[in-house]
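A.B. asks: Sharing a structure here in structure tokens format.
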Number of protein chains: 2
Amino acid sequence: VLATNQPAGEAAVMSETTPDHHPKRVLLVTAHPEPESLNGSMARFAANHLRQTGFSVKQSDLYQMGWKAVLDTSDYPDPDQRRLRLLADSGRATLAGTLTSDVAEEQEKIRWADALVLQFPLWWFSVPAIMKGWIDRVFTYEFAHGPSRGLPYTESALGGKRAMLAVTCGARQTAFDDRGIHGPLAEVLHPLQHGLFWFTGIAPLEPFAVYDTHHLIPPDFPGICAAYARRLENLFQDPTVPFRKLDSGDYPHDMRLRSGREQPGTIGLGMHQHQ
Amino acid sequence: VLATNQPAGEAAVMSETTPDHHPKRVLLVTAHPEPESLNGSMARFAANHLRQTGFSVKQSDLYQMGWKAVLDTSDYPDPDQRRLRLLADSGRATLAGTLTSDVAEEQEKIRWADALVLQFPLWWFSVPAIMKGWIDRVFTYEFAHGPSRGLPYTESALGGKRAMLAVTCGARQTAFDDRGIHGPLAEVLHPLQHGLFWFTGIAPLEPFAVYDTHHLIPPDFPGICAAYARRLENLFQDPTVPFRKLDSGDYPHDMRLRSGREQPGTIGLGMHQHQ
């Protein structure tokens with residue numbers, strides 16, 4: 001187990017293995033158009049540091065790949081021209097193995113990975129469009145959820161994997177804290193933390209965030225890397241967000257939280273975590 | 001003023017005018033790849049019904065337009081090849097009038113509009129990538145926010161306008177209510193309601209939602225249209241979400257809500273509304 005206060009770059013190599021003794025596998029998905037940006041520099045650091053830590057690493061650099069962002073009807077070709085609904089079309093193509101090769105390759109990387117790290121600049125309080133398009137197109141019905149994959153919000157689809165968001169924010173940290181005007185960062189990111197990861201069985205960690213990016217100067221970069229390094233090294237040790245499972249008995253048939261399960265006075269998104 | 005229980009299509013023509021007596025102007029932005037889908041049908045209904053109600057209407061049908069979803073460095077051409085940061089590049093291009101024509105045209109539609117309606121299928125608890133790309137590329141620095149546009153979360157940038165999200169959801173309504181496992185729909189949509197609209201000065205209405213879409217059958221469509229019609233007719237009468245303004249005295253210099261401003265016990269996103 002890695003010490004949490006170890007300097008970046010000195011983590012023990014090959015200390016993290018799975019039960020069948022292969023190194024832990026991490027898929028790093030990144031999305032910034034400018035390689036020389038803070039995000040581009042952080043992406044290079046993360047890929048190198050994950051490898052130095054002893055993990056196996058694959059990277060999907062969406063801009064560099066020219067990722068097709070827009071899900072359209074060409075995603076689900078059907079020789080019989082049966083046009084169902086998009087969700088059904090996506091499930092049929094997934095089960096039939098007729099997804100486009102770019103999507104199939106990303107799904108294979110996700111199957112391979114023990115953890116996903118999605119790193120991006122926070123644009124309008126969410127992922128850039130190119131990354132939303134990676135989510136829209138890759139997390140198909142019958143891959144990430146759907147009848148053949150069991151209940152959502154359980155481990156039945158992509159369970160056993162972990163995920164971490166790594167975001168750069170123009171705003172200061174105070175504006176994203178418990179009383180900050182933007183809302184708590186984890187609640188702003190709820191559509192990803194709970195709606196994407198937890199929904200598909202992936203256990204999310206607390207996000208890693210860099211704030212106030214417009215006022216950063218080059219001497220700030222080593223400190224950012226050191227903080228990012230600690231989070232990357234501890235991907236498999238840090239606690240995950242204690243969201244509730246759908247099949248825990250907390251949610252009756254209508255998917256509403258049974259009364260009395262939350263701490264008195266809890267409202268909103270926080271209700272769906274164990275406290 | 002339109003009666004709220006009026007049947008769809010019988011609203012009084014030209015009853016809604018601005019102080020300078022032009023009809024109220026609505027920009028309808030839609031995003032579904034299949035014209036024969038529920039969303040496609042709702043978009044046609046909405047455009048027609050808004051016109052029958054007496055509003056002036058422009059539509060941006062993003063799939064039909066072939067909207068470029070991905071913001072990249074070609075968005076901000078600069079003959080001098082000065083590469084700043086994307087936010088600064090976007091502000092410079094906005095002030096210099098060198099934005100690409102597709103973006104400039106959308107900004108002109110937003111300036112023209114008294115209200116925006118964004119209609120889309122809820123994909124992974126957010127907008128489809130093509131609509132995220134409309135947001136990323138159109139809401140530039142120095143247009144929707146930034147030094148020349150005054151403080152965010154006030155009326156100084158795009159103030160005086162209203163907005164409504166119209167979303168179709170595969171999930172049932174119970175899963176999106178106050179105890180529903182997905183979280184309250186308005187909180188899931190917080191990055192749009194508060195992070196996009198309110199941030200730029202636009203006052204959002206409560207979202208209009210159609211639930212359980214995978215189980216809808218054609219006879220359900222007239223009822224959906226009737227409910228949608230009432231919300232469209234009342235775009236300028238229905239109350240907007242009572243979010244707090246940044247310059248109200250509620251937020252000191254660090255953008256955190258001053259203590260004691262919220263109802264005791266309120267936590268999370270709800271803190272930023274007047275109760």
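So you can find residues: chains in the structure tokens are A, B, ... in the order shown, residues in each start at 1, and ligands are numbered from 1 in order.
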Fewer than 6 positions away in the same chain doesn't count, so skip those; otherwise give me all residues within 9 Å of region 38-51 of chain A, counting only C-alpha atoms, as a CSV table (one decimal) with N, CA and C atoms, in the first residue's frame.
C.D. replies:
```
chain,number,residue,atom,x,y,z
A,8,ALA,N,5.6,12.8,-5.3
A,8,ALA,CA,5.3,12.3,-6.7
A,8,ALA,C,6.5,11.6,-7.3
A,9,GLY,N,6.3,10.5,-7.9
A,9,GLY,CA,7.3,9.9,-8.7
A,9,GLY,C,8.1,8.8,-7.9
A,13,VAL,N,7.1,0.7,-7.4
A,13,VAL,CA,6.7,0.2,-8.7
A,13,VAL,C,6.0,-1.2,-8.5
A,26,VAL,N,-5.6,1.2,-15.7
A,26,VAL,CA,-6.2,2.5,-15.6
A,26,VAL,C,-6.4,3.0,-17.0
A,28,LEU,N,-7.2,6.4,-18.9
A,28,LEU,CA,-7.2,7.8,-18.7
A,28,LEU,C,-7.9,8.5,-20.0
A,29,VAL,N,-9.0,9.1,-19.8
A,29,VAL,CA,-9.7,9.8,-20.9
A,29,VAL,C,-9.6,11.3,-20.7
A,30,THR,N,-9.0,11.9,-21.7
A,30,THR,CA,-8.7,13.4,-21.6
A,30,THR,C,-9.3,14.2,-22.8
A,31,ALA,N,-9.6,15.4,-22.5
A,31,ALA,CA,-10.3,16.2,-23.5
A,31,ALA,C,-9.9,17.7,-23.4
A,32,HIS,N,-8.9,18.1,-24.1
A,32,HIS,CA,-8.6,19.5,-24.2
A,32,HIS,C,-7.9,19.7,-25.6
A,57,VAL,N,-1.6,1.4,-18.3
A,57,VAL,CA,-2.3,2.6,-18.6
A,57,VAL,C,-2.7,2.5,-20.1
A,58,LYS,N,-3.9,2.9,-20.4
A,58,LYS,CA,-4.3,3.2,-21.7
A,58,LYS,C,-4.9,4.6,-21.7
A,59,GLN,N,-4.7,5.4,-22.8
A,59,GLN,CA,-5.2,6.7,-22.8
A,59,GLN,C,-6.1,6.9,-24.0
A,61,ASP,N,-7.1,10.2,-25.7
A,61,ASP,CA,-7.0,11.6,-25.8
A,61,ASP,C,-8.0,12.0,-26.9
A,119,GLN,N,-10.4,13.2,-17.2
A,119,GLN,CA,-9.8,14.6,-17.0
A,119,GLN,C,-10.2,15.6,-18.0
A,120,PHE,N,-10.7,16.7,-17.5
A,120,PHE,CA,-11.2,17.7,-18.5
A,120,PHE,C,-11.3,19.1,-17.8
A,121,PRO,N,-11.4,20.1,-18.7
A,121,PRO,CA,-11.7,21.4,-18.1
A,121,PRO,C,-13.2,21.5,-17.9
A,167,VAL,N,-10.8,17.6,-12.7
A,167,VAL,CA,-11.3,18.8,-13.4
A,167,VAL,C,-10.5,20.0,-13.1
A,168,THR,N,-10.4,20.9,-14.1
A,168,THR,CA,-9.8,22.2,-13.9
A,168,THR,C,-10.9,23.2,-14.0
A,213,THR,N,-7.9,28.6,-12.2
A,213,THR,CA,-6.9,28.3,-13.2
A,213,THR,C,-6.4,29.5,-14.0
A,221,PHE,N,2.7,24.7,-11.1
A,221,PHE,CA,2.5,23.4,-11.7
A,221,PHE,C,3.0,22.3,-10.8
A,224,ILE,N,0.5,21.3,-8.2
A,224,ILE,CA,-0.7,20.7,-8.8
A,224,ILE,C,-0.3,19.2,-9.1
A,225,CYS,N,0.8,19.0,-9.6
A,225,CYS,CA,1.2,17.6,-10.0
A,225,CYS,C,1.3,16.8,-8.7
A,228,TYR,N,-2.1,15.9,-7.6
A,228,TYR,CA,-2.7,14.9,-8.5
A,228,TYR,C,-2.1,13.6,-8.3
A,229,ALA,N,-0.8,13.6,-8.1
A,229,ALA,CA,-0.1,12.3,-8.0
A,229,ALA,C,-0.6,11.5,-6.8
A,232,LEU,N,-3.8,9.9,-7.8
A,232,LEU,CA,-3.7,8.8,-8.8
A,232,LEU,C,-3.1,7.6,-8.1
A,233,GLU,N,-2.1,7.8,-7.2
A,233,GLU,CA,-1.5,6.6,-6.5
A,233,GLU,C,-2.5,5.9,-5.7
```
A.B. asks: Determine, using only C-alpha atoms, which residues of chain B have any atom at most 6 Å from an atom of chain A, and tabulate each with its shortest atom pair and distance in Å to one decimal place, rows ordered by chain and then rising number, as JSON lines.
C.D. replies:
```
{"residue": "B:Pro33", "atom": "CA", "partner": "A:Asp72", "partner_atom": "CA", "distance": 5.4}
{"residue": "B:Val70", "atom": "CA", "partner": "A:Ile130", "partner_atom": "CA", "distance": 5.7}
{"residue": "B:Asp72", "atom": "CA", "partner": "A:Pro33", "partner_atom": "CA", "distance": 5.5}
{"residue": "B:Phe125", "atom": "CA", "partner": "A:Pro191", "partner_atom": "CA", "distance": 5.4}
{"residue": "B:Ala129", "atom": "CA", "partner": "A:Gly133", "partner_atom": "CA", "distance": 4.9}
{"residue": "B:Ile130", "atom": "CA", "partner": "A:Val70", "partner_atom": "CA", "distance": 5.7}
{"residue": "B:Lys132", "atom": "CA", "partner": "A:Ala129", "partner_atom": "CA", "distance": 5.1}
{"residue": "B:Gly133", "atom": "CA", "partner": "A:Ala129", "partner_atom": "CA", "distance": 4.9}
{"residue": "B:Ala175", "atom": "CA", "partner": "A:Met255", "partner_atom": "CA", "distance": 5.2}
{"residue": "B:Arg179", "atom": "CA", "partner": "A:Arg256", "partner_atom": "CA", "distance": 5.0}
{"residue": "B:Gly180", "atom": "CA", "partner": "A:Arg256", "partner_atom": "CA", "distance": 4.1}
{"residue": "B:Ile181", "atom": "CA", "partner": "A:Met255", "partner_atom": "CA", "distance": 5.7}
{"residue": "B:Gly183", "atom": "CA", "partner": "A:Leu269", "partner_atom": "CA", "distance": 5.4}
{"residue": "B:Pro191", "atom": "CA", "partner": "A:Phe125", "partner_atom": "CA", "distance": 5.4}
{"residue": "B:Met255", "atom": "CA", "partner": "A:Ala175", "partner_atom": "CA", "distance": 5.2}
{"residue": "B:Arg256", "atom": "CA", "partner": "A:Gly180", "partner_atom": "CA", "distance": 4.1}
{"residue": "B:Leu257", "atom": "CA", "partner": "A:Arg179", "partner_atom": "CA", "distance": 5.2}
{"residue": "B:Leu269", "atom": "CA", "partner": "A:Gly183", "partner_atom": "CA", "distance": 5.4}
```
A.B. asks: If DSSP is run on the backbone, what residues of region 48-203 of chain B are helix (DSSP H, G or I)? A reply as a PyMOL selection string would be ideal.
C.D. replies: chain B and resi 48-52+62-65+73-75+86-96+101-112+129-138+147-149+173-176+185-188+190-200
A.B. asks: Run DSSP on the backbone and grab whatever in region 121-214 of chain A lands in strand (DSSP E or B); send it over as a ChimeraX atom specification.
C.D. replies: /A:121,123,126,141,145,162-168,180,203-205,208-210
A.B. asks: Just the number, please: distance in Å from CA of His21 (chain B) to CA of Pro207 (chain B), one decimal.
C.D. replies: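 A separation of 28.0 Å between them.
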A.B. asks: Do you know which residues are at most 8 Å from Leu165 (chain A) counting only C-alpha atoms, after dropping those on the same chain fewer than 5 positions away, and could you put them as a PyMOL selection string?
C.D. replies: chain A and resi 117-119+205-208
A.B. asks: Using the selection just defined, write its residues with C-alpha atoms as a compact mmCIF listing (two decimals), in the first residue's frame.
C.D. replies:
```txt
# COMPACT_ATOMS: atom_id res chain seq x y z
CA VAL A 117 -9.91 8.70 -14.84
CA LEU A 118 -11.79 11.35 -16.82
CA GLN A 119 -9.76 14.55 -16.96
CA LEU A 205 -14.08 8.66 -5.79
CA GLU A 206 -14.37 12.28 -4.76
CA PRO A 207 -13.35 14.47 -7.73
CA PHE A 208 -9.86 15.91 -7.94
```
A.B. asks: Kindly indicate which residue among B:Leu122, B:Gly91, B:Val138, B:Gly54 lies nearest to Glu105 (chain B), using only C-alpha atoms for the distances.
C.D. replies: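 Of the candidates, the smallest distance to Glu105 (chain B) is held by B:Val138.
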A.B. asks: Taking into account only C-alpha atoms, which residue in the set B:Gln193, B:Ala166, B:Glu262, B:Ser90 is nearest to Phe143 (chain B)?
C.D. replies: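 Smallest separation from Phe143 (chain B) among the options: B:Ser90.
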A.B. asks: For Phe236 (chain B), find every residue with an atom within 10 Å (counting only C-alpha atoms), except residues of its own chain fewer than 2 positions away, and show them as a VMD selection string.
C.D. replies: chain B and resid 1 16 24 114 to 115 161 to 163 205 231 to 234 238 to 240
A.B. asks: Show which residues sit within 10 Å of Leu95 (chain B), as an NGL selection string. Count only C-alpha atoms, and ignore same-chain residues fewer than 2 positions away.
C.D. replies: :B and (90-93 or 97-99 or 141-143 or 148)
